[in-house]
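Q: So here's run12.cif, just mmCIF, C-alpha atoms:
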data_entry
loop_
_atom_site.group_PDB
_atom_site.id
_atom_site.type_symbol
_atom_site.label_atom_id
_atom_site.label_comp_id
_atom_site.auth_asym_id
_atom_site.auth_seq_id
_atom_site.Cartn_x
_atom_site.Cartn_y
_atom_site.Cartn_z
ATOM 1 C CA MET A 1 71.450 77.228 122.466
ATOM 2 C CA SER A 2 69.528 79.159 119.818
ATOM 3 C CA THR A 3 70.298 82.701 118.714
ATOM 4 C CA SER A 4 67.919 85.407 117.623
ATOM 5 C CA PRO A 5 67.792 86.544 113.984
ATOM 6 C CA THR A 6 69.195 89.912 115.088
ATOM 7 C CA THR A 7 72.158 88.248 116.812
ATOM 8 C CA ARG A 8 72.791 86.030 113.808
ATOM 9 C CA THR A 9 72.653 89.056 111.505
ATOM 10 C CA LYS A 10 75.160 90.924 113.661
ATOM 11 C CA ARG A 11 77.498 87.950 113.680
ATOM 12 C CA ASN A 12 77.202 87.468 109.933
ATOM 13 C CA THR A 13 77.858 91.162 109.362
ATOM 14 C CA LEU A 14 80.924 91.063 111.616
ATOM 15 C CA ALA A 15 82.231 87.978 109.847
ATOM 16 C CA PHE A 16 81.643 89.661 106.510
ATOM 17 C CA ALA A 17 83.500 92.747 107.666
ATOM 18 C CA LEU A 18 86.501 90.698 108.773
ATOM 19 C CA ILE A 19 86.520 88.734 105.524
ATOM 20 C CA THR A 20 86.317 91.891 103.463
ATOM 21 C CA ALA A 21 89.052 93.643 105.425
ATOM 22 C CA ALA A 22 91.316 90.629 105.161
ATOM 23 C CA ALA A 23 90.702 90.330 101.453
ATOM 24 C CA LEU A 24 91.670 93.976 101.081
ATOM 25 C CA ALA A 25 94.788 93.498 102.893
ATOM 26 C CA LEU A 26 100.279 95.258 101.132
ATOM 27 C CA THR A 27 105.002 95.553 100.271
ATOM 28 C CA ALA A 28 105.830 95.678 96.699
ATOM 29 C CA CYS A 29 105.576 92.299 95.033
ATOM 30 C CA GLY A 30 108.782 91.141 93.439
ATOM 31 C CA THR A 31 110.644 94.447 93.711
ATOM 32 C CA GLY A 32 112.082 94.558 97.202
ATOM 33 C CA GLU A 33 111.044 98.210 97.400
ATOM 34 C CA PRO A 34 109.096 99.564 100.364
ATOM 35 C CA VAL A 35 105.560 100.687 99.798
ATOM 36 C CA THR A 36 104.094 103.863 101.230
ATOM 37 C CA ALA A 37 100.669 102.950 102.594
ATOM 38 C CA PRO A 38 97.813 105.430 102.870
ATOM 39 C CA ALA A 39 97.061 106.894 106.263
ATOM 40 C CA GLY A 40 94.966 104.541 108.336
ATOM 41 C CA ALA A 41 95.892 101.365 106.474
ATOM 42 C CA ALA A 42 95.864 98.416 108.817
ATOM 43 C CA GLY A 43 96.198 94.686 108.440
ATOM 44 C CA GLN A 44 93.740 92.073 109.687
ATOM 45 C CA ALA A 45 94.657 88.653 110.983
ATOM 46 C CA GLY A 46 93.540 85.758 108.874
ATOM 47 C CA ALA A 47 91.863 85.517 105.495
ATOM 48 C CA PRO A 48 89.051 83.341 104.096
ATOM 49 C CA ASP A 49 91.264 82.020 101.322
ATOM 50 C CA ALA A 50 94.970 82.697 101.202
ATOM 51 C CA LEU A 51 96.019 84.821 98.268
ATOM 52 C CA PRO A 52 98.416 83.048 95.873
ATOM 53 C CA THR A 53 102.091 83.538 96.659
ATOM 54 C CA GLU A 54 103.764 81.821 93.690
ATOM 55 C CA ASP A 55 106.835 83.741 92.533
ATOM 56 C CA VAL A 56 106.201 84.622 88.896
ATOM 57 C CA VAL A 57 108.558 87.603 88.696
ATOM 58 C CA SER A 58 112.071 86.644 89.782
ATOM 59 C CA GLY A 59 112.659 84.545 86.659
ATOM 60 C CA VAL A 60 111.956 87.438 84.294
ATOM 61 C CA ARG A 61 115.045 88.428 82.326
ATOM 62 C CA LYS A 62 115.980 91.859 81.065
ATOM 63 C CA ASN A 63 114.596 92.625 77.624
ATOM 64 C CA GLU A 64 117.462 94.536 76.059
ATOM 65 C CA ALA A 65 115.470 95.612 72.995
ATOM 66 C CA ALA A 66 112.677 97.025 75.164
ATOM 67 C CA ALA A 67 115.129 98.702 77.544
ATOM 68 C CA LYS A 68 116.765 100.529 74.638
ATOM 69 C CA LEU A 69 113.428 102.261 74.010
ATOM 70 C CA LEU A 70 113.550 103.962 77.398
ATOM 71 C CA PRO A 71 114.357 107.678 77.487
ATOM 72 C CA ALA A 72 118.037 108.266 78.265
ATOM 73 C CA ASP A 73 117.323 110.020 81.564
ATOM 74 C CA VAL A 74 115.203 107.093 82.816
ATOM 75 C CA ARG A 75 117.887 104.550 81.851
ATOM 76 C CA GLN A 76 120.469 106.667 83.655
ATOM 77 C CA ARG A 77 118.573 106.995 86.920
ATOM 78 C CA GLY A 78 117.314 103.401 86.735
ATOM 79 C CA THR A 79 114.098 104.000 88.671
ATOM 80 C CA LEU A 80 110.415 104.675 88.115
ATOM 81 C CA THR A 81 107.870 106.113 90.519
ATOM 82 C CA LEU A 82 104.685 104.070 90.349
ATOM 83 C CA ALA A 83 101.361 104.897 92.005
ATOM 84 C CA THR A 84 99.120 101.945 92.690
ATOM 85 C CA ALA A 85 95.550 101.723 93.898
ATOM 86 C CA VAL A 86 94.629 98.913 96.260
ATOM 87 C CA GLY A 87 91.171 97.391 96.281
ATOM 88 C CA ASN A 88 89.990 93.841 95.664
ATOM 89 C CA PRO A 89 91.971 90.904 94.319
ATOM 90 C CA PRO A 90 92.942 89.958 91.700
ATOM 91 C CA GLY A 91 94.007 93.533 90.862
ATOM 92 C CA ASN A 92 95.884 94.598 93.991
ATOM 93 C CA ALA A 93 95.152 93.755 97.602
ATOM 94 C CA TYR A 94 96.671 93.993 101.043
ATOM 95 C CA LEU A 95 98.042 90.951 102.774
ATOM 96 C CA PRO A 96 96.934 90.660 106.420
ATOM 97 C CA ASP A 97 100.089 92.469 107.558
ATOM 98 C CA GLY A 98 98.644 95.680 106.115
ATOM 99 C CA LYS A 99 102.002 96.427 104.482
ATOM 100 C CA THR A 100 102.362 94.072 101.535
ATOM 101 C CA VAL A 101 100.672 94.616 98.181
ATOM 102 C CA VAL A 102 100.038 91.568 96.049
ATOM 103 C CA GLY A 103 97.971 91.103 92.949
ATOM 104 C CA LEU A 104 97.861 90.981 89.186
ATOM 105 C CA ASP A 105 98.850 94.644 88.822
ATOM 106 C CA ALA A 106 101.713 94.252 91.296
ATOM 107 C CA ASP A 107 103.105 91.194 89.510
ATOM 108 C CA LEU A 108 102.755 92.666 86.024
ATOM 109 C CA SER A 109 104.310 96.006 86.941
ATOM 110 C CA ALA A 110 107.180 94.244 88.732
ATOM 111 C CA ALA A 111 107.739 91.967 85.746
ATOM 112 C CA VAL A 112 107.740 94.887 83.288
ATOM 113 C CA ALA A 113 110.180 96.838 85.470
ATOM 114 C CA LYS A 114 112.485 93.819 85.674
ATOM 115 C CA ALA A 115 112.332 93.367 81.900
ATOM 116 C CA LEU A 116 113.303 97.023 81.510
ATOM 117 C CA GLY A 117 116.100 96.799 84.067
ATOM 118 C CA LEU A 118 114.453 99.337 86.361
ATOM 119 C CA ASP A 119 113.771 99.551 90.073
ATOM 120 C CA VAL A 120 110.297 100.700 91.073
ATOM 121 C CA LYS A 121 109.458 103.050 93.897
ATOM 122 C CA ARG A 122 105.847 102.183 94.684
ATOM 123 C CA GLU A 123 103.399 104.425 96.452
ATOM 124 C CA VAL A 124 99.875 103.431 97.361
ATOM 125 C CA ALA A 125 97.397 106.143 96.418
ATOM 126 C CA ALA A 126 93.633 106.555 96.250
ATOM 127 C CA PHE A 127 92.295 105.436 92.883
ATOM 128 C CA GLU A 128 90.697 108.783 92.053
ATOM 129 C CA THR A 129 93.927 110.728 92.731
ATOM 130 C CA ILE A 130 96.301 108.790 90.480
ATOM 131 C CA LEU A 131 95.371 110.027 87.011
ATOM 132 C CA PRO A 132 95.449 113.733 87.984
ATOM 133 C CA ALA A 133 98.800 113.159 89.721
ATOM 134 C CA LEU A 134 100.254 111.680 86.524
ATOM 135 C CA GLY A 135 99.406 114.883 84.729
ATOM 136 C CA SER A 136 101.236 116.926 87.359
ATOM 137 C CA GLY A 137 104.349 114.762 87.053
ATOM 138 C CA LYS A 138 104.156 113.373 90.585
ATOM 139 C CA TYR A 139 104.325 109.788 89.296
ATOM 140 C CA ASP A 140 105.811 108.207 86.161
ATOM 141 C CA VAL A 141 103.160 105.511 85.859
ATOM 142 C CA GLY A 142 99.962 104.409 87.563
ATOM 143 C CA THR A 143 98.137 101.106 87.996
ATOM 144 C CA GLY A 144 94.674 100.411 89.349
ATOM 145 C CA ASN A 145 92.697 98.574 86.666
ATOM 146 C CA PHE A 146 92.387 101.782 84.654
ATOM 147 C CA GLY A 147 90.057 101.147 81.743
ATOM 148 C CA VAL A 148 90.850 102.827 78.440
ATOM 149 C CA THR A 149 88.076 105.308 77.600
ATOM 150 C CA GLU A 150 87.830 108.119 75.073
ATOM 151 C CA GLU A 151 87.522 110.667 77.872
ATOM 152 C CA ARG A 152 90.673 109.441 79.596
ATOM 153 C CA ARG A 153 92.613 109.250 76.333
ATOM 154 C CA LYS A 154 92.355 113.038 76.071
ATOM 155 C CA THR A 155 94.779 113.486 78.975
ATOM 156 C CA ILE A 156 96.300 110.046 79.626
ATOM 157 C CA ASP A 157 98.366 107.597 77.584
ATOM 158 C CA PHE A 158 97.838 103.883 78.170
ATOM 159 C CA VAL A 159 99.828 100.735 77.537
ATOM 160 C CA THR A 160 97.352 97.865 77.650
ATOM 161 C CA TYR A 161 97.998 94.645 79.548
ATOM 162 C CA ILE A 162 94.615 92.962 80.144
ATOM 163 C CA ASN A 163 90.997 93.135 79.053
ATOM 164 C CA ASP A 164 88.590 93.450 81.967
ATOM 165 C CA GLY A 165 85.615 95.779 82.174
ATOM 166 C CA GLN A 166 82.331 96.466 83.929
ATOM 167 C CA GLY A 167 80.078 94.016 85.713
ATOM 168 C CA PHE A 168 77.442 93.720 88.420
ATOM 169 C CA ALA A 169 76.947 91.786 91.652
ATOM 170 C CA ALA A 170 74.153 91.647 94.200
ATOM 171 C CA ARG A 171 73.051 89.817 97.319
ATOM 172 C CA ALA A 172 72.072 86.222 96.742
ATOM 173 C CA ASP A 173 68.423 87.004 97.526
ATOM 174 C CA SER A 174 68.205 89.713 94.839
ATOM 175 C CA GLU A 175 65.647 89.208 92.082
ATOM 176 C CA LEU A 176 68.221 90.470 89.588
ATOM 177 C CA THR A 177 69.851 87.768 87.502
ATOM 178 C CA ALA A 178 71.601 90.029 84.975
ATOM 179 C CA VAL A 179 71.837 93.721 84.104
ATOM 180 C CA THR A 180 71.786 94.047 80.343
ATOM 181 C CA ASP A 181 70.064 97.441 80.288
ATOM 182 C CA LEU A 182 70.732 100.137 82.886
ATOM 183 C CA THR A 183 66.999 100.824 83.163
ATOM 184 C CA GLN A 184 66.834 97.537 85.080
ATOM 185 C CA LEU A 185 68.522 99.482 87.897
ATOM 186 C CA CYS A 186 65.754 102.112 88.087
ATOM 187 C CA GLY A 187 64.557 102.563 91.660
ATOM 188 C CA LEU A 188 67.566 100.697 93.077
ATOM 189 C CA ARG A 189 70.633 101.851 94.988
ATOM 190 C CA VAL A 190 73.865 101.149 93.141
ATOM 191 C CA GLY A 191 77.215 101.089 94.956
ATOM 192 C CA THR A 192 80.457 101.804 93.102
ATOM 193 C CA GLY A 193 83.923 103.331 93.456
ATOM 194 C CA ALA A 194 84.723 107.026 93.320
ATOM 195 C CA GLY A 195 86.347 108.355 90.157
ATOM 196 C CA THR A 196 85.762 105.147 88.207
ATOM 197 C CA THR A 197 84.318 104.409 84.782
ATOM 198 C CA PHE A 198 81.459 102.760 86.678
ATOM 199 C CA GLU A 199 80.505 106.020 88.369
ATOM 200 C CA GLN A 200 80.746 107.846 85.039
ATOM 201 C CA THR A 201 78.603 105.262 83.240
ATOM 202 C CA LEU A 202 75.928 105.350 85.927
ATOM 203 C CA GLU A 203 75.762 109.131 86.141
ATOM 204 C CA ARG A 204 75.740 109.540 82.368
ATOM 205 C CA ASN A 205 72.735 107.219 82.005
ATOM 206 C CA LYS A 206 70.682 108.297 85.008
ATOM 207 C CA ALA A 207 68.173 110.248 82.903
ATOM 208 C CA ARG A 208 67.141 107.100 81.064
ATOM 209 C CA CYS A 209 64.978 106.058 83.995
ATOM 210 C CA ALA A 210 62.925 109.261 83.831
ATOM 211 C CA ALA A 211 62.649 108.884 80.063
ATOM 212 C CA ALA A 212 61.218 105.410 80.645
ATOM 213 C CA GLY A 213 58.790 106.761 83.244
ATOM 214 C CA LYS A 214 60.607 105.048 86.098
ATOM 215 C CA GLN A 215 62.075 106.111 89.409
ATOM 216 C CA PRO A 216 65.771 107.013 88.939
ATOM 217 C CA TYR A 217 68.414 104.798 90.463
ATOM 218 C CA GLU A 218 70.596 106.154 93.247
ATOM 219 C CA VAL A 219 74.378 106.103 92.847
ATOM 220 C CA ASN A 220 76.224 105.539 96.127
ATOM 221 C CA VAL A 221 79.931 106.304 95.681
ATOM 222 C CA TYR A 222 82.637 104.985 98.013
ATOM 223 C CA ASN A 223 86.375 105.566 98.252
ATOM 224 C CA ASP A 224 86.929 102.178 99.864
ATOM 225 C CA SER A 225 86.100 98.772 98.367
ATOM 226 C CA ALA A 226 85.311 97.273 101.752
ATOM 227 C CA ALA A 227 82.687 99.968 102.308
ATOM 228 C CA ILE A 228 80.957 99.065 99.055
ATOM 229 C CA TRP A 229 80.574 95.431 100.051
ATOM 230 C CA MET A 230 79.570 96.261 103.601
ATOM 231 C CA SER A 231 76.868 98.555 102.226
ATOM 232 C CA LEU A 232 75.578 95.719 100.049
ATOM 233 C CA GLN A 233 75.592 93.233 102.920
ATOM 234 C CA GLN A 234 73.785 95.641 105.232
ATOM 235 C CA GLY A 235 71.074 96.416 102.693
ATOM 236 C CA ARG A 236 72.032 100.047 102.106
ATOM 237 C CA THR A 237 72.961 99.166 98.510
ATOM 238 C CA ASP A 238 71.044 96.825 96.217
ATOM 239 C CA VAL A 239 73.655 96.154 93.545
ATOM 240 C CA VAL A 240 77.389 96.728 93.034
ATOM 241 C CA MET A 241 79.021 97.821 89.790
ATOM 242 C CA SER A 242 82.743 97.149 89.542
ATOM 243 C CA THR A 243 85.407 95.261 87.576
ATOM 244 C CA ILE A 244 84.452 91.911 86.115
ATOM 245 C CA ASN A 245 87.471 90.103 87.553
ATOM 246 C CA GLY A 246 87.170 91.838 90.919
ATOM 247 C CA LEU A 247 83.503 90.934 91.265
ATOM 248 C CA ARG A 248 84.067 87.315 90.287
ATOM 249 C CA TYR A 249 86.749 87.027 92.933
ATOM 250 C CA ALA A 250 84.835 88.908 95.617
ATOM 251 C CA VAL A 251 81.624 86.890 95.450
ATOM 252 C CA LYS A 252 83.647 83.725 96.048
ATOM 253 C CA GLN A 253 84.824 85.262 99.326
ATOM 254 C CA GLN A 254 81.626 86.993 100.437
ATOM 255 C CA PRO A 255 78.806 84.764 101.696
ATOM 256 C CA GLY A 256 75.336 85.664 100.493
ATOM 257 C CA THR A 257 76.416 87.469 97.308
ATOM 258 C CA LYS A 258 76.343 86.568 93.635
ATOM 259 C CA PHE A 259 77.953 87.709 90.401
ATOM 260 C CA LEU A 260 75.281 88.867 87.976
ATOM 261 C CA ASN A 261 76.963 89.377 84.633
ATOM 262 C CA GLU A 262 79.508 91.172 82.514
ATOM 263 C CA TYR A 263 78.093 94.441 81.242
ATOM 264 C CA ARG A 264 80.865 95.627 78.945
ATOM 265 C CA ARG A 265 84.521 94.934 78.282
ATOM 266 C CA LEU A 266 87.304 97.519 78.421
ATOM 267 C CA ASP A 267 91.006 97.342 77.701
ATOM 268 C CA VAL A 268 93.024 98.047 80.846
ATOM 269 C CA GLY A 269 96.466 99.585 80.856
ATOM 270 C CA PHE A 270 99.384 101.180 82.624
ATOM 271 C CA ALA A 271 98.567 104.885 82.798
ATOM 272 C CA PHE A 272 100.961 107.710 81.918
ATOM 273 C CA LYS A 273 100.959 111.442 81.415
ATOM 274 C CA LYS A 274 99.836 112.327 77.891
ATOM 275 C CA GLY A 275 102.735 112.291 75.466
ATOM 276 C CA THR A 276 104.950 110.114 77.643
ATOM 277 C CA PRO A 277 108.124 108.750 76.020
ATOM 278 C CA LEU A 278 107.832 105.666 78.268
ATOM 279 C CA ALA A 279 104.961 104.038 76.388
ATOM 280 C CA PRO A 280 106.955 102.277 73.606
ATOM 281 C CA ALA A 281 109.296 100.663 76.144
ATOM 282 C CA PHE A 282 106.417 99.450 78.317
ATOM 283 C CA GLN A 283 104.575 98.105 75.286
ATOM 284 C CA ALA A 284 107.652 96.203 74.130
ATOM 285 C CA ALA A 285 108.190 94.840 77.640
ATOM 286 C CA VAL A 286 104.597 93.556 77.930
ATOM 287 C CA ASN A 287 104.799 91.918 74.511
ATOM 288 C CA GLY A 288 108.139 90.404 75.500
ATOM 289 C CA LEU A 289 106.543 88.909 78.621
ATOM 290 C CA LYS A 290 103.867 87.406 76.407
ATOM 291 C CA ALA A 291 106.476 85.920 74.094
ATOM 292 C CA ASP A 292 108.497 84.239 76.861
ATOM 293 C CA GLY A 293 105.516 82.884 78.800
ATOM 294 C CA SER A 294 105.841 85.139 81.854
ATOM 295 C CA TYR A 295 102.599 86.955 81.031
ATOM 296 C CA ASP A 296 100.579 83.750 80.917
ATOM 297 C CA ARG A 297 102.090 82.533 84.197
ATOM 298 C CA ILE A 298 101.034 85.755 85.928
ATOM 299 C CA LEU A 299 97.473 85.523 84.589
ATOM 300 C CA ARG A 300 97.215 81.851 85.592
ATOM 301 C CA LYS A 301 98.384 82.705 89.106
ATOM 302 C CA TRP A 302 95.490 85.155 89.512
ATOM 303 C CA SER A 303 92.949 83.005 87.600
ATOM 304 C CA VAL A 304 92.257 85.657 84.958
ATOM 305 C CA THR A 305 93.384 83.908 81.777
ATOM 306 C CA ASP A 306 90.093 84.920 80.124
ATOM 307 C CA SER A 307 91.316 88.515 80.338
ATOM 308 C CA GLY A 308 94.504 87.939 78.373
ATOM 309 C CA ILE A 309 95.199 90.142 75.359
ATOM 310 C CA ALA A 310 96.765 89.157 72.041
ATOM 311 C CA GLN A 311 99.218 92.054 72.152
ATOM 312 C CA SER A 312 99.834 95.235 74.097
ATOM 313 C CA ARG A 313 98.760 98.465 72.406
ATOM 314 C CA ILE A 314 99.308 102.144 73.116
ATOM 315 C CA SER A 315 96.083 104.066 73.819
ATOM 316 C CA PRO A 316 93.762 102.028 71.576
ATOM 317 C CA PRO A 317 90.223 103.351 70.928
ATOM 318 C CA GLU A 318 87.655 102.595 73.618
ATOM 319 C CA LEU A 319 85.786 99.361 73.056
ATOM 320 C CA PRO A 320 82.147 99.890 71.976
ATOM 321 C CA ALA A 321 79.607 100.349 74.762
ATOM 322 C CA PRO A 322 76.398 98.293 74.948
ATOM 323 C CA THR A 323 73.633 99.727 72.779
ATOM 324 C CA LYS A 324 71.131 99.603 75.636
#
Could you write out this structure as structure tokens?
A:
Amino acid sequence: MSTSPTTRTKRNTLAFALITAAALALTACGTGEPVTAPAGAAGQAGAPDALPTEDVVSGVRKNEAAAKLLPADVRQRGTLTLATAVGNPPGNAYLPDGKTVVGLDADLSAAVAKALGLDVKREVAAFETILPALGSGKYDVGTGNFGVTEERRKTIDFVTYINDGQGFAARADSELTAVTDLTQLCGLRVGTGAGTTFEQTLERNKARCAAAGKQPYEVNVYNDSAAIWMSLQQGRTDVVMSTINGLRYAVKQQPGTKFLNEYRRLDVGFAFKKGTPLAPAFQAAVNGLKADGSYDRILRKWSVTDSGIAQSRISPPELPAPTK
């Protein structure tokens, strides 16, 4: 029995939606602490490819030298409040139960906490709300693939743990093969996340299309990663700008999409309120994980060894942007 193109499109879109939702499916990884999920979070049954479940945290030992760098009040209470954003693997994602968070950020933050002898109270929060909340003192630390930029360094301290950055993806039938100059986006609709470096980069360079005598590109901003990919699949967005590692992972899960290219690299770090006394301890803990092999095991688990860093740094300068 044959089906009409419209029926096939509807089925493909539904399948895509289920795949995306499953891939975005959360509980704190390796900490035993409950996670507070955002309102409306729900799990989906099944997933296109099971997320890795290897335990790379329980074997981490306390790093006494790093723990001694903690402020006395933090050592005394023995806990940290951590805000985490959930989006696409490998960063952080929901398991199908809609309650358990797994991912590179979850494993690394759990490993650092264990090395420091701390328990972590995790709270899932919208990406764009975390950095302002750090400034208000609501959270001690935030994770969410926060790239280190000069603008953010004015109000936020970072302790780096990977090198990721900005990239592009599109539908498989797109004529785009790479975006090396943002004027290649002129006249197109670009989907990206709210409050991200991607949104800032796109908005900051919008005028270049007019200067080149071209139609400006349209920036479509979403608070939900699944919505970005659904928009692309349904033809309401022509290209997606997001993290390099996230895009590489996502296109393997999403039929009919392709990774275009890396646009620029950025250091990524744990985020803290400016002037935090926690940064030296976190830096020492990350470097300790590198020294004992735990860091490499975590990166191998999430297939992001190309994003490994030689050493953790505190609020390093932003990496140079492309000249075009």
Q: What do you get, as a ChimeraX atom specification, if you spell out every residue that the PyMOL selection byres ((chain A and resi 261-269) around 10) selects here?
A: /A:105,142-149,157-169,177-182,197,241-245,247-248,258-260,270-272,283,307,309,312-322
Q: Taking C-alpha atoms for each residue, export the selection above as a PDB file, in the coordinates of the input.
A:
ATOM      1  CA  ASP A 105      98.850  94.644  88.822  1.00  0.00           C
ATOM      2  CA  GLY A 142      99.962 104.409  87.563  1.00  0.00           C
ATOM      3  CA  THR A 143      98.137 101.106  87.996  1.00  0.00           C
ATOM      4  CA  GLY A 144      94.674 100.411  89.349  1.00  0.00           C
ATOM      5  CA  ASN A 145      92.697  98.574  86.666  1.00  0.00           C
ATOM      6  CA  PHE A 146      92.387 101.782  84.654  1.00  0.00           C
ATOM      7  CA  GLY A 147      90.057 101.147  81.743  1.00  0.00           C
ATOM      8  CA  VAL A 148      90.850 102.827  78.440  1.00  0.00           C
ATOM      9  CA  THR A 149      88.076 105.308  77.600  1.00  0.00           C
ATOM     10  CA  ASP A 157      98.366 107.597  77.584  1.00  0.00           C
ATOM     11  CA  PHE A 158      97.838 103.883  78.170  1.00  0.00           C
ATOM     12  CA  VAL A 159      99.828 100.735  77.537  1.00  0.00           C
ATOM     13  CA  THR A 160      97.352  97.865  77.650  1.00  0.00           C
ATOM     14  CA  TYR A 161      97.998  94.645  79.548  1.00  0.00           C
ATOM     15  CA  ILE A 162      94.615  92.962  80.144  1.00  0.00           C
ATOM     16  CA  ASN A 163      90.997  93.135  79.053  1.00  0.00           C
ATOM     17  CA  ASP A 164      88.590  93.450  81.967  1.00  0.00           C
ATOM     18  CA  GLY A 165      85.615  95.779  82.174  1.00  0.00           C
ATOM     19  CA  GLN A 166      82.331  96.466  83.929  1.00  0.00           C
ATOM     20  CA  GLY A 167      80.078  94.016  85.713  1.00  0.00           C
ATOM     21  CA  PHE A 168      77.442  93.720  88.420  1.00  0.00           C
ATOM     22  CA  ALA A 169      76.947  91.786  91.652  1.00  0.00           C
ATOM     23  CA  THR A 177      69.851  87.768  87.502  1.00  0.00           C
ATOM     24  CA  ALA A 178      71.601  90.029  84.975  1.00  0.00           C
ATOM     25  CA  VAL A 179      71.837  93.721  84.104  1.00  0.00           C
ATOM     26  CA  THR A 180      71.786  94.047  80.343  1.00  0.00           C
ATOM     27  CA  ASP A 181      70.064  97.441  80.288  1.00  0.00           C
ATOM     28  CA  LEU A 182      70.732 100.137  82.886  1.00  0.00           C
ATOM     29  CA  THR A 197      84.318 104.409  84.782  1.00  0.00           C
ATOM     30  CA  MET A 241      79.021  97.821  89.790  1.00  0.00           C
ATOM     31  CA  SER A 242      82.743  97.149  89.542  1.00  0.00           C
ATOM     32  CA  THR A 243      85.407  95.261  87.576  1.00  0.00           C
ATOM     33  CA  ILE A 244      84.452  91.911  86.115  1.00  0.00           C
ATOM     34  CA  ASN A 245      87.471  90.103  87.553  1.00  0.00           C
ATOM     35  CA  LEU A 247      83.503  90.934  91.265  1.00  0.00           C
ATOM     36  CA  ARG A 248      84.067  87.315  90.287  1.00  0.00           C
ATOM     37  CA  LYS A 258      76.343  86.568  93.635  1.00  0.00           C
ATOM     38  CA  PHE A 259      77.953  87.709  90.401  1.00  0.00           C
ATOM     39  CA  LEU A 260      75.281  88.867  87.976  1.00  0.00           C
ATOM     40  CA  PHE A 270      99.384 101.180  82.624  1.00  0.00           C
ATOM     41  CA  ALA A 271      98.567 104.885  82.798  1.00  0.00           C
ATOM     42  CA  PHE A 272     100.961 107.710  81.918  1.00  0.00           C
ATOM     43  CA  GLN A 283     104.575  98.105  75.286  1.00  0.00           C
ATOM     44  CA  SER A 307      91.316  88.515  80.338  1.00  0.00           C
ATOM     45  CA  ILE A 309      95.199  90.142  75.359  1.00  0.00           C
ATOM     46  CA  SER A 312      99.834  95.235  74.097  1.00  0.00           C
ATOM     47  CA  ARG A 313      98.760  98.465  72.406  1.00  0.00           C
ATOM     48  CA  ILE A 314      99.308 102.144  73.116  1.00  0.00           C
ATOM     49  CA  SER A 315      96.083 104.066  73.819  1.00  0.00           C
ATOM     50  CA  PRO A 316      93.762 102.028  71.576  1.00  0.00           C
ATOM     51  CA  PRO A 317      90.223 103.351  70.928  1.00  0.00           C
ATOM     52  CA  GLU A 318      87.655 102.595  73.618  1.00  0.00           C
ATOM     53  CA  LEU A 319      85.786  99.361  73.056  1.00  0.00           C
ATOM     54  CA  PRO A 320      82.147  99.890  71.976  1.00  0.00           C
ATOM     55  CA  ALA A 321      79.607 100.349  74.762  1.00  0.00           C
ATOM     56  CA  PRO A 322      76.398  98.293  74.948  1.00  0.00           C
TER      57      PRO A 322
END
Q: What residues come out when you apply the PyMOL selection byres ((chain A and resi 212) around 12) to this file, written as a short mmCIF file (atom, residue, chain, number, x, y, z; two decimals) with C-alpha atoms, in the coordinates of the input?
A:
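Wrote part.cif, looks like this:
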data_model
loop_
_atom_site.label_atom_id
_atom_site.label_comp_id
_atom_site.auth_asym_id
_atom_site.auth_seq_id
_atom_site.Cartn_x
_atom_site.Cartn_y
_atom_site.Cartn_z
CA ASP A 181 70.06 97.44 80.29
CA LEU A 182 70.73 100.14 82.89
CA THR A 183 67.00 100.82 83.16
CA GLN A 184 66.83 97.54 85.08
CA LEU A 185 68.52 99.48 87.90
CA CYS A 186 65.75 102.11 88.09
CA GLY A 187 64.56 102.56 91.66
CA ASN A 205 72.74 107.22 82.00
CA LYS A 206 70.68 108.30 85.01
CA ALA A 207 68.17 110.25 82.90
CA ARG A 208 67.14 107.10 81.06
CA CYS A 209 64.98 106.06 84.00
CA ALA A 210 62.92 109.26 83.83
CA ALA A 211 62.65 108.88 80.06
CA GLY A 213 58.79 106.76 83.24
CA LYS A 214 60.61 105.05 86.10
CA GLN A 215 62.08 106.11 89.41
CA PRO A 216 65.77 107.01 88.94
#
Q: So what does the PyMOL selection byres ((chain A and resi 235) around 12) actually pick up in this one, as a ChimeraX atom specification?
A: /A:9,13,170-174,188-191,228-234,236-240,256-257
Q: In Å, how far is it from atom CA of A:Pro90 to atom CA of A:Ala110?
A: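 If I compute the distance from atom CA of A:Pro90 to atom CA of A:Ala110, I get 15.2 Å.
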Q: Which value, in Å to one decimal, gives the distance between atom CA of A:Arg77 and atom CA of A:Glu64?
A: 16.6 Å
Q: I'd like the box whose edges run along x, y and z of the file and which contains every listed atom of stretch 201-209 of chain A, padded by 3 Å per side; could you state its centre and edge lengths in Å, one decimal, as lines of an AutoDock Vina configuration file?
A:
center_x = 71.8
center_y = 107.8
center_z = 83.6
size_x = 19.6
size_y = 11.0
size_z = 11.1
Q: From the set A:Leu289, A:Ala250, A:Ala126, A:Leu116, which residue has the shortest atom-to-atom contact distance to A:Pro71, counting only C-alpha atoms?
A: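 Using only C-alpha atoms, A:Pro71 sits closest to A:Leu116.
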Q: Within 10 Å of A:Pro52, counting all atoms listed in the file, which residues show up once you throw out same-chain ones fewer than 6 positions away? Write them as a PyMOL selection string, please.
A: chain A and resi 90+102-103+301-303
Q: Taking all atoms listed in the file into account, which of A:Leu176, A:Ala50, A:Ala111, A:Ala279 comes nearest A:Asp296?
A: A:Ala111
Q: From the set A:Ala285, A:Leu202, A:Ile156, A:Val56, which residue has the shortest atom-to-atom contact distance to A:Asp107, counting only C-alpha atoms?
A: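 Using only C-alpha atoms, the shortest distance to A:Asp107 belongs to A:Val56.
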Q: Restricting the calculation to all atoms listed in the file, which member of A:Ala125, A:Ala93, A:Ala194, A:Leu70 is positioned closest to A:Ala227?
A: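 Comparing A:Ala125, A:Ala93, A:Ala194, A:Leu70 against A:Ala227, the winner is A:Ala194.
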Q: Work out how far apart atom CA of A:Gly91 and atom CA of A:Lys252 are and give it in Å to one decimal.
A: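 Computing it gives 15.2 Å between the two atoms.
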